[in-house]
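Chemist: My structure is stored as my_file_14.cif, with mmCIF, N, CA and C atoms and all ligand atoms.
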```
data_query
#
loop_
_atom_site.label_atom_id
_atom_site.label_comp_id
_atom_site.auth_asym_id
_atom_site.auth_seq_id
_atom_site.Cartn_x
_atom_site.Cartn_y
_atom_site.Cartn_z
N PRO Q 812 -7.21 -21.94 2.42
CA PRO Q 812 -6.65 -20.63 2.76
C PRO Q 812 -6.23 -19.88 1.51
N PRO Q 813 -6.24 -18.55 1.55
CA PRO Q 813 -5.87 -17.80 0.35
C PRO Q 813 -4.38 -17.99 0.02
N ASP Q 814 -4.07 -17.85 -1.24
CA ASP Q 814 -2.67 -17.84 -1.68
C ASP Q 814 -2.13 -16.44 -1.35
N VAL Q 815 -1.24 -16.40 -0.35
CA VAL Q 815 -0.79 -15.11 0.21
C VAL Q 815 -0.06 -14.25 -0.83
N GLU Q 816 0.64 -14.89 -1.76
CA GLU Q 816 1.37 -14.13 -2.79
C GLU Q 816 0.41 -13.53 -3.83
N GLN Q 817 -0.51 -14.36 -4.30
CA GLN Q 817 -1.50 -13.89 -5.29
C GLN Q 817 -2.37 -12.81 -4.66
N LEU Q 818 -2.81 -13.07 -3.44
CA LEU Q 818 -3.62 -12.09 -2.72
C LEU Q 818 -2.85 -10.77 -2.59
N GLY Q 819 -1.58 -10.87 -2.25
CA GLY Q 819 -0.75 -9.68 -2.06
C GLY Q 819 -0.64 -8.86 -3.34
N ARG Q 820 -0.34 -9.53 -4.46
CA ARG Q 820 -0.21 -8.79 -5.73
C ARG Q 820 -1.53 -8.10 -6.07
N SER Q 821 -2.64 -8.80 -5.86
CA SER Q 821 -3.95 -8.20 -6.15
C SER Q 821 -4.24 -7.03 -5.22
N ALA Q 822 -3.92 -7.22 -3.94
CA ALA Q 822 -4.20 -6.18 -2.95
C ALA Q 822 -3.36 -4.93 -3.23
N TRP Q 823 -2.07 -5.12 -3.53
CA TRP Q 823 -1.23 -3.94 -3.82
C TRP Q 823 -1.73 -3.23 -5.08
N THR Q 824 -2.18 -4.01 -6.07
CA THR Q 824 -2.73 -3.38 -7.28
C THR Q 824 -3.93 -2.50 -6.91
N LEU Q 825 -4.81 -3.05 -6.08
CA LEU Q 825 -5.97 -2.25 -5.65
C LEU Q 825 -5.51 -1.00 -4.88
N LEU Q 826 -4.64 -1.19 -3.92
CA LEU Q 826 -4.25 -0.06 -3.04
C LEU Q 826 -3.52 1.03 -3.81
N HIS Q 827 -2.53 0.64 -4.64
CA HIS Q 827 -1.79 1.68 -5.38
C HIS Q 827 -2.69 2.36 -6.42
N THR Q 828 -3.62 1.59 -6.99
CA THR Q 828 -4.54 2.17 -7.98
C THR Q 828 -5.51 3.13 -7.29
N MET Q 829 -5.91 2.80 -6.07
CA MET Q 829 -6.73 3.75 -5.29
C MET Q 829 -5.96 5.04 -5.04
N ALA Q 830 -4.68 4.92 -4.69
CA ALA Q 830 -3.85 6.11 -4.46
C ALA Q 830 -3.73 6.91 -5.76
N ALA Q 831 -3.58 6.20 -6.88
CA ALA Q 831 -3.41 6.87 -8.18
C ALA Q 831 -4.67 7.65 -8.57
N SER Q 832 -5.83 7.20 -8.12
CA SER Q 832 -7.06 7.91 -8.49
C SER Q 832 -7.57 8.80 -7.35
N TYR Q 833 -6.74 8.97 -6.34
CA TYR Q 833 -7.09 9.84 -5.21
C TYR Q 833 -7.03 11.31 -5.66
N PRO Q 834 -7.89 12.16 -5.09
CA PRO Q 834 -7.86 13.57 -5.53
C PRO Q 834 -6.52 14.26 -5.23
N GLU Q 835 -6.17 15.21 -6.08
CA GLU Q 835 -4.93 15.95 -5.85
C GLU Q 835 -4.97 16.69 -4.52
N LYS Q 836 -6.18 17.09 -4.15
CA LYS Q 836 -6.35 17.67 -2.83
C LYS Q 836 -7.64 17.11 -2.25
N ALA Q 837 -7.53 16.36 -1.15
CA ALA Q 837 -8.69 15.64 -0.62
C ALA Q 837 -9.44 16.50 0.40
N SER Q 838 -10.76 16.40 0.37
CA SER Q 838 -11.59 17.11 1.35
C SER Q 838 -11.44 16.43 2.71
N ALA Q 839 -11.88 17.13 3.75
CA ALA Q 839 -11.83 16.57 5.10
C ALA Q 839 -12.59 15.24 5.15
N GLU Q 840 -13.73 15.20 4.47
CA GLU Q 840 -14.55 13.99 4.43
C GLU Q 840 -13.80 12.82 3.75
N GLN Q 841 -13.19 13.11 2.61
CA GLN Q 841 -12.43 12.08 1.91
C GLN Q 841 -11.27 11.56 2.76
N GLN Q 842 -10.63 12.50 3.48
CA GLN Q 842 -9.50 12.09 4.32
C GLN Q 842 -9.96 11.17 5.44
N LYS Q 843 -11.10 11.54 6.02
CA LYS Q 843 -11.64 10.73 7.11
C LYS Q 843 -12.02 9.33 6.61
N GLU Q 844 -12.69 9.28 5.45
CA GLU Q 844 -13.10 7.99 4.89
C GLU Q 844 -11.88 7.13 4.53
N THR Q 845 -10.85 7.77 4.04
CA THR Q 845 -9.67 7.01 3.63
C THR Q 845 -8.95 6.42 4.85
N ARG Q 846 -8.87 7.22 5.91
CA ARG Q 846 -8.29 6.69 7.16
C ARG Q 846 -9.08 5.50 7.66
N THR Q 847 -10.41 5.63 7.63
CA THR Q 847 -11.28 4.54 8.07
C THR Q 847 -11.08 3.30 7.18
N PHE Q 848 -11.00 3.54 5.87
CA PHE Q 848 -10.78 2.41 4.95
C PHE Q 848 -9.50 1.67 5.32
N MET Q 849 -8.41 2.42 5.55
CA MET Q 849 -7.13 1.76 5.82
C MET Q 849 -7.16 1.03 7.17
N GLN Q 850 -7.87 1.60 8.13
CA GLN Q 850 -8.01 0.90 9.43
C GLN Q 850 -8.74 -0.43 9.25
N LEU Q 851 -9.84 -0.37 8.50
CA LEU Q 851 -10.63 -1.59 8.30
C LEU Q 851 -9.87 -2.58 7.43
N PHE Q 852 -9.18 -2.08 6.44
CA PHE Q 852 -8.34 -2.95 5.61
C PHE Q 852 -7.35 -3.70 6.50
N GLY Q 853 -6.76 -2.98 7.43
CA GLY Q 853 -5.79 -3.59 8.36
C GLY Q 853 -6.42 -4.61 9.30
N LYS Q 854 -7.72 -4.55 9.45
CA LYS Q 854 -8.39 -5.56 10.27
C LYS Q 854 -8.89 -6.73 9.44
N MET Q 855 -9.32 -6.43 8.21
CA MET Q 855 -10.04 -7.46 7.43
C MET Q 855 -9.17 -8.14 6.38
N TYR Q 856 -7.95 -7.66 6.17
CA TYR Q 856 -7.09 -8.27 5.15
C TYR Q 856 -6.91 -9.76 5.48
N PRO Q 857 -7.32 -10.64 4.57
CA PRO Q 857 -7.44 -12.05 4.95
C PRO Q 857 -6.13 -12.84 4.92
N CYS Q 858 -5.07 -12.23 5.41
CA CYS Q 858 -3.83 -12.93 5.76
C CYS Q 858 -3.53 -12.35 7.13
N TRP Q 859 -3.80 -13.11 8.16
CA TRP Q 859 -3.87 -12.50 9.50
C TRP Q 859 -2.51 -12.03 10.00
N VAL Q 860 -1.44 -12.76 9.74
CA VAL Q 860 -0.13 -12.26 10.19
C VAL Q 860 0.22 -10.98 9.42
N CYS Q 861 -0.13 -10.97 8.13
CA CYS Q 861 0.11 -9.75 7.32
C CYS Q 861 -0.65 -8.57 7.94
N ALA Q 862 -1.91 -8.80 8.24
CA ALA Q 862 -2.77 -7.74 8.78
C ALA Q 862 -2.26 -7.25 10.13
N ASP Q 863 -1.86 -8.19 11.00
CA ASP Q 863 -1.34 -7.80 12.33
C ASP Q 863 -0.10 -6.92 12.18
N ASP Q 864 0.84 -7.35 11.34
CA ASP Q 864 2.07 -6.57 11.15
C ASP Q 864 1.76 -5.21 10.52
N PHE Q 865 0.83 -5.19 9.59
CA PHE Q 865 0.48 -3.94 8.91
C PHE Q 865 -0.14 -2.95 9.91
N ARG Q 866 -1.02 -3.43 10.77
CA ARG Q 866 -1.61 -2.55 11.80
C ARG Q 866 -0.54 -2.05 12.76
N ALA Q 867 0.39 -2.94 13.14
CA ALA Q 867 1.47 -2.54 14.06
C ALA Q 867 2.34 -1.46 13.40
N TRP Q 868 2.62 -1.63 12.09
CA TRP Q 868 3.44 -0.65 11.36
C TRP Q 868 2.73 0.70 11.33
N MET Q 869 1.42 0.70 11.06
CA MET Q 869 0.67 1.97 11.02
C MET Q 869 0.68 2.65 12.39
N LYS Q 870 0.53 1.84 13.42
CA LYS Q 870 0.49 2.38 14.78
C LYS Q 870 1.83 2.98 15.20
N ASP Q 871 2.90 2.39 14.68
CA ASP Q 871 4.26 2.75 15.07
C ASP Q 871 4.76 3.97 14.28
N GLY Q 872 3.99 5.06 14.32
CA GLY Q 872 4.43 6.30 13.68
C GLY Q 872 4.19 6.37 12.19
N ASN Q 873 3.37 5.47 11.64
CA ASN Q 873 3.12 5.47 10.19
C ASN Q 873 1.63 5.56 9.88
N GLU Q 874 0.95 6.47 10.56
CA GLU Q 874 -0.47 6.66 10.27
C GLU Q 874 -0.62 7.07 8.80
N PRO Q 875 -1.71 6.62 8.17
CA PRO Q 875 -1.93 6.97 6.77
C PRO Q 875 -1.86 8.48 6.53
N ARG Q 876 -1.13 8.89 5.49
CA ARG Q 876 -1.07 10.30 5.08
C ARG Q 876 -2.01 10.46 3.89
N VAL Q 877 -3.06 11.21 4.11
CA VAL Q 877 -4.19 11.19 3.16
C VAL Q 877 -4.60 12.57 2.66
N SER Q 878 -3.72 13.58 2.83
CA SER Q 878 -4.16 14.93 2.46
C SER Q 878 -4.24 15.13 0.95
N SER Q 879 -3.46 14.36 0.19
CA SER Q 879 -3.42 14.55 -1.26
C SER Q 879 -3.00 13.25 -1.93
N ARG Q 880 -3.16 13.19 -3.27
CA ARG Q 880 -2.73 12.02 -4.02
C ARG Q 880 -1.24 11.75 -3.80
N ASP Q 881 -0.49 12.83 -3.83
CA ASP Q 881 0.95 12.69 -3.68
C ASP Q 881 1.30 12.08 -2.32
N ASP Q 882 0.69 12.61 -1.28
CA ASP Q 882 0.90 12.12 0.08
C ASP Q 882 0.49 10.66 0.24
N PHE Q 883 -0.71 10.37 -0.24
CA PHE Q 883 -1.26 9.03 -0.07
C PHE Q 883 -0.45 8.01 -0.88
N GLY Q 884 -0.07 8.40 -2.09
CA GLY Q 884 0.73 7.51 -2.93
C GLY Q 884 2.10 7.23 -2.33
N GLN Q 885 2.73 8.28 -1.79
CA GLN Q 885 4.04 8.10 -1.15
C GLN Q 885 3.90 7.20 0.08
N TRP Q 886 2.86 7.46 0.86
CA TRP Q 886 2.65 6.67 2.07
C TRP Q 886 2.42 5.20 1.71
N MET Q 887 1.62 4.96 0.68
CA MET Q 887 1.34 3.58 0.26
C MET Q 887 2.62 2.90 -0.19
N CYS Q 888 3.44 3.66 -0.91
CA CYS Q 888 4.72 3.11 -1.36
C CYS Q 888 5.61 2.75 -0.16
N GLU Q 889 5.61 3.60 0.85
CA GLU Q 889 6.40 3.31 2.05
C GLU Q 889 5.85 2.08 2.78
N ALA Q 890 4.52 1.96 2.80
CA ALA Q 890 3.90 0.79 3.43
C ALA Q 890 4.33 -0.49 2.70
N HIS Q 891 4.29 -0.42 1.37
CA HIS Q 891 4.68 -1.58 0.57
C HIS Q 891 6.17 -1.89 0.78
N ASN Q 892 6.97 -0.84 0.85
CA ASN Q 892 8.42 -1.06 1.08
C ASN Q 892 8.68 -1.70 2.44
N ALA Q 893 7.89 -1.34 3.45
CA ALA Q 893 8.08 -1.95 4.77
C ALA Q 893 7.87 -3.47 4.66
N VAL Q 894 6.88 -3.87 3.85
CA VAL Q 894 6.65 -5.31 3.65
C VAL Q 894 7.77 -5.91 2.79
N ASN Q 895 8.19 -5.17 1.75
CA ASN Q 895 9.31 -5.66 0.92
C ASN Q 895 10.53 -5.96 1.78
N VAL Q 896 10.86 -5.04 2.68
CA VAL Q 896 12.04 -5.21 3.55
C VAL Q 896 11.85 -6.42 4.45
N LYS Q 897 10.66 -6.52 5.03
CA LYS Q 897 10.37 -7.65 5.92
C LYS Q 897 10.55 -8.99 5.20
N LEU Q 898 10.17 -9.03 3.92
CA LEU Q 898 10.24 -10.28 3.16
C LEU Q 898 11.59 -10.46 2.44
N GLY Q 899 12.52 -9.52 2.65
CA GLY Q 899 13.81 -9.62 1.99
C GLY Q 899 13.77 -9.29 0.50
N LYS Q 900 12.73 -8.53 0.08
CA LYS Q 900 12.66 -8.10 -1.32
C LYS Q 900 13.31 -6.72 -1.46
N LYS Q 901 13.56 -6.34 -2.72
CA LYS Q 901 14.15 -5.03 -2.98
C LYS Q 901 13.15 -3.92 -2.67
N SER Q 902 13.66 -2.82 -2.13
CA SER Q 902 12.86 -1.63 -1.91
C SER Q 902 12.56 -1.00 -3.27
N PHE Q 903 11.37 -0.42 -3.39
CA PHE Q 903 10.96 0.26 -4.62
C PHE Q 903 11.29 1.74 -4.45
N ASP Q 904 11.73 2.41 -5.53
CA ASP Q 904 12.03 3.84 -5.48
C ASP Q 904 10.71 4.62 -5.53
N CYS Q 905 10.35 5.22 -4.39
CA CYS Q 905 9.02 5.85 -4.29
C CYS Q 905 8.87 7.08 -5.18
N LYS Q 906 9.95 7.62 -5.72
CA LYS Q 906 9.82 8.70 -6.70
C LYS Q 906 9.12 8.19 -7.96
N LYS Q 907 9.10 6.87 -8.12
CA LYS Q 907 8.55 6.29 -9.35
C LYS Q 907 7.17 5.70 -9.19
N TRP Q 908 6.52 5.93 -8.02
CA TRP Q 908 5.25 5.24 -7.82
C TRP Q 908 4.18 5.68 -8.82
N GLU Q 909 4.17 6.97 -9.17
CA GLU Q 909 3.14 7.46 -10.08
C GLU Q 909 3.36 6.94 -11.49
N GLU Q 910 4.62 6.87 -11.85
CA GLU Q 910 4.97 6.35 -13.16
C GLU Q 910 4.52 4.87 -13.24
N ARG Q 911 4.72 4.13 -12.17
CA ARG Q 911 4.33 2.71 -12.17
C ARG Q 911 2.80 2.53 -12.15
N TRP Q 912 2.12 3.37 -11.35
CA TRP Q 912 0.72 3.09 -11.06
C TRP Q 912 -0.28 4.08 -11.68
N ARG Q 913 0.18 5.22 -12.20
CA ARG Q 913 -0.78 6.20 -12.70
C ARG Q 913 -0.52 6.59 -14.15
N THR Q 914 0.66 7.11 -14.40
CA THR Q 914 0.89 7.69 -15.72
C THR Q 914 1.50 6.68 -16.69
N GLY Q 915 2.00 5.56 -16.17
CA GLY Q 915 2.63 4.57 -17.05
C GLY Q 915 4.10 4.84 -17.23
N TRP Q 916 4.88 3.78 -17.36
CA TRP Q 916 6.33 3.91 -17.57
C TRP Q 916 6.58 4.68 -18.85
N LYS Q 917 7.54 5.58 -18.80
CA LYS Q 917 7.95 6.29 -20.03
C LYS Q 917 9.25 5.63 -20.51
N ASP Q 918 9.13 4.70 -21.46
CA ASP Q 918 10.38 4.15 -22.03
C ASP Q 918 10.16 3.69 -23.47
P1 LIG Q 1001 4.41 -7.39 -4.86
O1 LIG Q 1001 5.17 -7.05 -3.62
O2 LIG Q 1001 3.02 -7.92 -4.68
O3 LIG Q 1001 4.36 -6.09 -5.76
C1 LIG Q 1001 3.59 -6.02 -6.97
C2 LIG Q 1001 4.19 -4.93 -7.86
O4 LIG Q 1001 4.14 -3.69 -7.19
C3 LIG Q 1001 5.67 -5.13 -8.16
O5 LIG Q 1001 5.87 -5.95 -9.25
C4 LIG Q 1001 6.17 -3.72 -8.38
O6 LIG Q 1001 5.99 -3.31 -9.73
C5 LIG Q 1001 5.26 -2.87 -7.53
N1 LIG Q 1001 5.88 -2.44 -6.28
C6 LIG Q 1001 6.76 -3.11 -5.48
N2 LIG Q 1001 7.06 -2.40 -4.40
C7 LIG Q 1001 6.36 -1.24 -4.51
C8 LIG Q 1001 6.26 -0.08 -3.70
N3 LIG Q 1001 6.93 0.03 -2.55
N4 LIG Q 1001 5.46 0.93 -4.10
C9 LIG Q 1001 4.77 0.84 -5.28
N5 LIG Q 1001 4.82 -0.23 -6.08
C10 LIG Q 1001 5.62 -1.25 -5.71
N6 LIG Q 1001 3.32 -11.48 2.31
C11 LIG Q 1001 3.92 -12.27 3.23
O7 LIG Q 1001 4.43 -13.33 2.88
N7 LIG Q 1001 4.00 -11.88 4.55
C12 LIG Q 1001 3.45 -10.71 4.99
O8 LIG Q 1001 3.50 -10.41 6.18
C13 LIG Q 1001 2.79 -9.88 4.04
N8 LIG Q 1001 2.19 -8.72 4.42
C14 LIG Q 1001 1.46 -8.01 3.52
C15 LIG Q 1001 0.77 -6.88 3.95
C16 LIG Q 1001 -0.02 -6.16 3.07
C17 LIG Q 1001 -0.78 -4.96 3.56
C18 LIG Q 1001 -0.15 -6.59 1.72
C19 LIG Q 1001 -1.07 -5.85 0.76
C20 LIG Q 1001 0.55 -7.70 1.27
C21 LIG Q 1001 1.37 -8.42 2.16
N9 LIG Q 1001 2.09 -9.54 1.75
C22 LIG Q 1001 2.75 -10.31 2.68
C23 LIG Q 1001 2.19 -9.91 0.30
C24 LIG Q 1001 3.49 -9.37 -0.30
O9 LIG Q 1001 3.63 -7.96 -0.05
C25 LIG Q 1001 3.55 -9.56 -1.83
O10 LIG Q 1001 2.37 -9.04 -2.43
C26 LIG Q 1001 3.73 -11.00 -2.29
O11 LIG Q 1001 4.85 -11.57 -1.64
C27 LIG Q 1001 3.94 -11.07 -3.83
O12 LIG Q 1001 5.11 -10.32 -4.12
P2 LIG Q 1001 5.62 -9.90 -5.55
O13 LIG Q 1001 7.13 -9.97 -5.48
O14 LIG Q 1001 4.94 -10.70 -6.60
O15 LIG Q 1001 5.23 -8.38 -5.76
#
```
Any chance you could put this one into structure tokens?
Modeler:
Amino acid sequence: PPDVEQLGRSAWTLLHTMAASYPEKASAEQQKETRTFMQLFGKMYPCWVCADDFRAWMKDGNEPRVSSRDDFGQWMCEAHNAVNVKLGKKSFDCKKWEERWRTGWKD
């Protein structure tokens, strides 16, 4: 079976990096494809309890927000925070998602 922690770190890296390279303003086609990607991700993510909970979270008023990079990045951060809370980890400050995943920490 996959190592759920290693898989998680890799998956979040992929997802946040996808948000970071998302267009500032997405076309209708891009929005549709991104929604489809997240739906399939929620079905195929190879940690089944993780995937079930993630799909339930999306269904429960948290449909992917995909109109822009800012929207998608914030939504992804909220998705990650929902898992952080579930696992008893610290919430991440979503104002800092771009600094963490796109522009790099300024320090
Ligand atoms: P991670 O949570 O993997 O985070 C990696 C890095 O991302 C952090 O070091 C931090 O710099 C940054 N980060 C943290 N929070 C945010 C945020 N909100 N926004 C942006 N960046 C952030 N594990 C389980 O045991 N049970 C589950 O049910 C489960 N469900 C998951 C569902 C999904 C969709 C995914 C992708 C992963 C899931 N995981 C689950 C894995 C879990 O989220 C972690 O990846 C894993 O526990 C390793 O945690 P970590 O502390 O190393 O850092």
Chemist: Mind giving me the straight-line distance from atom CA of Q:Thr847 to atom C17 of ligand LIG 1001 (chain Q) in Å, one decimal?
Modeler: 14.9 Å
Chemist: Can you tell me which residues sit at most 6 Å away from ligand LIG 1001 (chain Q), counting all atoms listed in the file, written as a ChimeraX atom specification?
Modeler: /Q:815-823,860-862,865,887-892,894-895,902-903,908
Chemist: Would you compute an axis-aligned box for stretch 816-828 of chain Q, covering every atom listed for it in the file with 4 Å of margin on each side, and report centre and edge lengths in Å to one decimal as lines of an AutoDock Vina configuration file?
Modeler:
```
center_x = -2.3
center_y = -5.9
center_z = -4.9
size_x = 15.3
size_y = 26.0
size_z = 14.2
```
Chemist: Can you list, as a PyMOL selection string, every residue of chain Q that DSSP puts in alpha helix (DSSP H)?
Modeler: chain Q and resi 815-831+839-855+859-870+880-897+908-909
Chemist: Distance atom C of Q:Asp864-atom N of Q:Ala893, one decimal place?
Modeler: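 Interatomic distance, atom C of Q:Asp864 to atom N of Q:Ala893: 10.1 Å.
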Chemist: Atom CA of Q:Lys900 and atom N of Q:Gly884 are how many Å apart?
Modeler: 20.9 Å
Chemist: Show which residues sit within 9 Å of Q:Thr845, as number ranges by chain. Count only C-alpha atoms, and ignore same-chain residues fewer than 5 positions away.
Modeler: Q: 840, 850, 875, 877
Chemist: Restrict the selected residues to N, CA and C atoms and save them as a CSV table (one decimal), in the coordinates of the input.
Modeler:
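Saved result, selection.csv, follows:
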```
chain,number,residue,atom,x,y,z
Q,840,GLU,N,-13.7,15.2,4.5
Q,840,GLU,CA,-14.6,14.0,4.4
Q,840,GLU,C,-13.8,12.8,3.8
Q,850,GLN,N,-7.9,1.6,8.1
Q,850,GLN,CA,-8.0,0.9,9.4
Q,850,GLN,C,-8.7,-0.4,9.2
Q,875,PRO,N,-1.7,6.6,8.2
Q,875,PRO,CA,-1.9,7.0,6.8
Q,875,PRO,C,-1.9,8.5,6.5
Q,877,VAL,N,-3.1,11.2,4.1
Q,877,VAL,CA,-4.2,11.2,3.2
Q,877,VAL,C,-4.6,12.6,2.7
```
